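Undergrad: Before anything else, here's the structure in question.
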Amino acid sequence: MTTSVPSQLSWLLEQLLARTPRTRHALLLSGDGLKICHTPELSMDKADQLSAIAAGIQSLSHGASVEFGDGRGGVRQSMTEFYGGILFIVEAGLAAHIAVVAAEDADAGLVGHNMRELVEQLGHHLASKPRVGGASVS
């Protein structure tokens, strides 16, 4: 019996949290804001909400990078610090992102490093296929 790709990726997200102190939740999402998989502590509704928030932040960050960066529109990482926590978002392949919610006293450098390390390790597995008419393209 084989394990589905989303379950394998959920396990890898859990491992990311296990090796990164003070992190709470991790989520893999498509570029257009649909959750692909998430850690079990995050309810389905909260995962949907976090996916939409992360996609919106990445979209705004992309716009800022086009206008105020070098014009290519690249975003390495977005970080939003709020009372009670920090939201980190990194690009994870073609049209996919990883979002991590951490405590406000988490080591931001370590969180970002571990997220990028996971992206490098998994590269093509984290790419979300473009959707046409609401369905993934094979």
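In the structure tokens, chains take the letters A, B, ... in the order shown, each chain's residues start at 1, and ligands count up from 1 in the order shown.
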Which residues are near Pro21 in chain A? Cut-off 9 Å, only C-alpha atoms, ignore same chain within fewer than 5 positions. Put them as a list in words.
TA: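 Result of the neighbour search: Ala102, Ala106, Asp107, Leu110 and Val111 of chain A.
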Undergrad: I need the residues from that last selection saved to file as a PDB file, in the first residue's frame (with C-alpha atoms), if you can.
TA:
```
ATOM      1  CA  ALA A 102       5.296  30.386  15.131  1.00  0.00           C
ATOM      2  CA  ALA A 106      10.587  31.968  17.825  1.00  0.00           C
ATOM      3  CA  ASP A 107      14.015  32.299  16.214  1.00  0.00           C
ATOM      4  CA  LEU A 110      16.019  29.341  12.194  1.00  0.00           C
ATOM      5  CA  VAL A 111      12.384  29.153  11.072  1.00  0.00           C
TER       6      VAL A 111
END
```
Undergrad: Based on the backbone DSSP call, show me all residues of chain A assigned alpha helix (DSSP H), as number ranges by chain.
TA: A: 5-18, 44-68, 108-122
Undergrad: Save the residues we just selected, C-alpha atoms, as a JSON list (two decimals), in the first residue's frame?
TA:
```json
[["chain", "number", "residue", "atom", "x", "y", "z"],
["A", 5, "VAL", "CA", 1.60, 12.55, -1.74],
["A", 6, "PRO", "CA", -0.41, 14.93, 0.52],
["A", 7, "SER", "CA", 0.06, 12.54, 3.49],
["A", 8, "GLN", "CA", 3.78, 12.28, 2.79],
["A", 9, "LEU", "CA", 4.02, 16.05, 2.61],
["A", 10, "SER", "CA", 1.95, 16.45, 5.81],
["A", 11, "TRP", "CA", 4.44, 14.18, 7.55],
["A", 12, "LEU", "CA", 7.31, 16.33, 6.27],
["A", 13, "LEU", "CA", 5.56, 19.46, 7.52],
["A", 14, "GLU", "CA", 5.21, 17.79, 10.93],
["A", 15, "GLN", "CA", 8.95, 17.04, 10.88],
["A", 16, "LEU", "CA", 9.62, 20.71, 10.07],
["A", 17, "LEU", "CA", 7.70, 21.73, 13.20],
["A", 18, "ALA", "CA", 9.42, 19.05, 15.29],
["A", 44, "MET", "CA", -9.72, 22.15, 8.17],
["A", 45, "ASP", "CA", -11.43, 25.55, 8.57],
["A", 46, "LYS", "CA", -8.33, 27.18, 10.03],
["A", 47, "ALA", "CA", -6.21, 25.62, 7.26],
["A", 48, "ASP", "CA", -8.54, 27.12, 4.63],
["A", 49, "GLN", "CA", -8.35, 30.49, 6.38],
["A", 50, "LEU", "CA", -4.56, 30.38, 6.67],
["A", 51, "SER", "CA", -4.26, 29.38, 2.99],
["A", 52, "ALA", "CA", -6.28, 32.39, 1.90],
["A", 53, "ILE", "CA", -4.32, 34.74, 4.17],
["A", 54, "ALA", "CA", -0.94, 33.40, 3.02],
["A", 55, "ALA", "CA", -1.88, 33.63, -0.68],
["A", 56, "GLY", "CA", -3.06, 37.21, -0.18],
["A", 57, "ILE", "CA", 0.14, 38.22, 1.60],
["A", 58, "GLN", "CA", 2.27, 36.60, -1.12],
["A", 59, "SER", "CA", 0.29, 38.38, -3.82],
["A", 60, "LEU", "CA", 0.78, 41.75, -2.12],
["A", 61, "SER", "CA", 4.47, 41.00, -1.58],
["A", 62, "HIS", "CA", 4.84, 40.13, -5.26],
["A", 63, "GLY", "CA", 3.29, 43.47, -6.21],
["A", 64, "ALA", "CA", 5.64, 45.32, -3.87],
["A", 65, "SER", "CA", 8.64, 43.52, -5.33],
["A", 66, "VAL", "CA", 7.65, 44.49, -8.88],
["A", 67, "GLU", "CA", 7.20, 48.15, -7.95],
["A", 68, "PHE", "CA", 10.01, 48.59, -5.45],
["A", 108, "ALA", "CA", 13.02, 33.88, 12.88],
["A", 109, "GLY", "CA", 16.36, 33.00, 11.27],
["A", 110, "LEU", "CA", 16.02, 29.34, 12.19],
["A", 111, "VAL", "CA", 12.38, 29.15, 11.07],
["A", 112, "GLY", "CA", 13.20, 30.70, 7.69],
["A", 113, "HIS", "CA", 16.31, 28.54, 7.27],
["A", 114, "ASN", "CA", 14.45, 25.31, 8.04],
["A", 115, "MET", "CA", 11.61, 26.25, 5.68],
["A", 116, "ARG", "CA", 14.04, 26.97, 2.81],
["A", 117, "GLU", "CA", 15.92, 23.76, 3.58],
["A", 118, "LEU", "CA", 12.67, 21.79, 3.25],
["A", 119, "VAL", "CA", 11.91, 23.50, -0.07],
["A", 120, "GLU", "CA", 15.40, 22.67, -1.39],
["A", 121, "GLN", "CA", 15.08, 19.03, -0.31],
["A", 122, "LEU", "CA", 11.72, 18.52, -1.94]]
```
Undergrad: As a list in words, please: every residue in range 12-53 of chain A that a backbone DSSP assignment puts in strand (DSSP E).
TA: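 After running DSSP on the backbone, range 12-53 of chain A has strand (DSSP E) at Thr23, Arg24, His25, Ala26, Leu27, Leu28, Leu29, Ser30, Lys35, Ile36, Cys37 and His38 of chain A.
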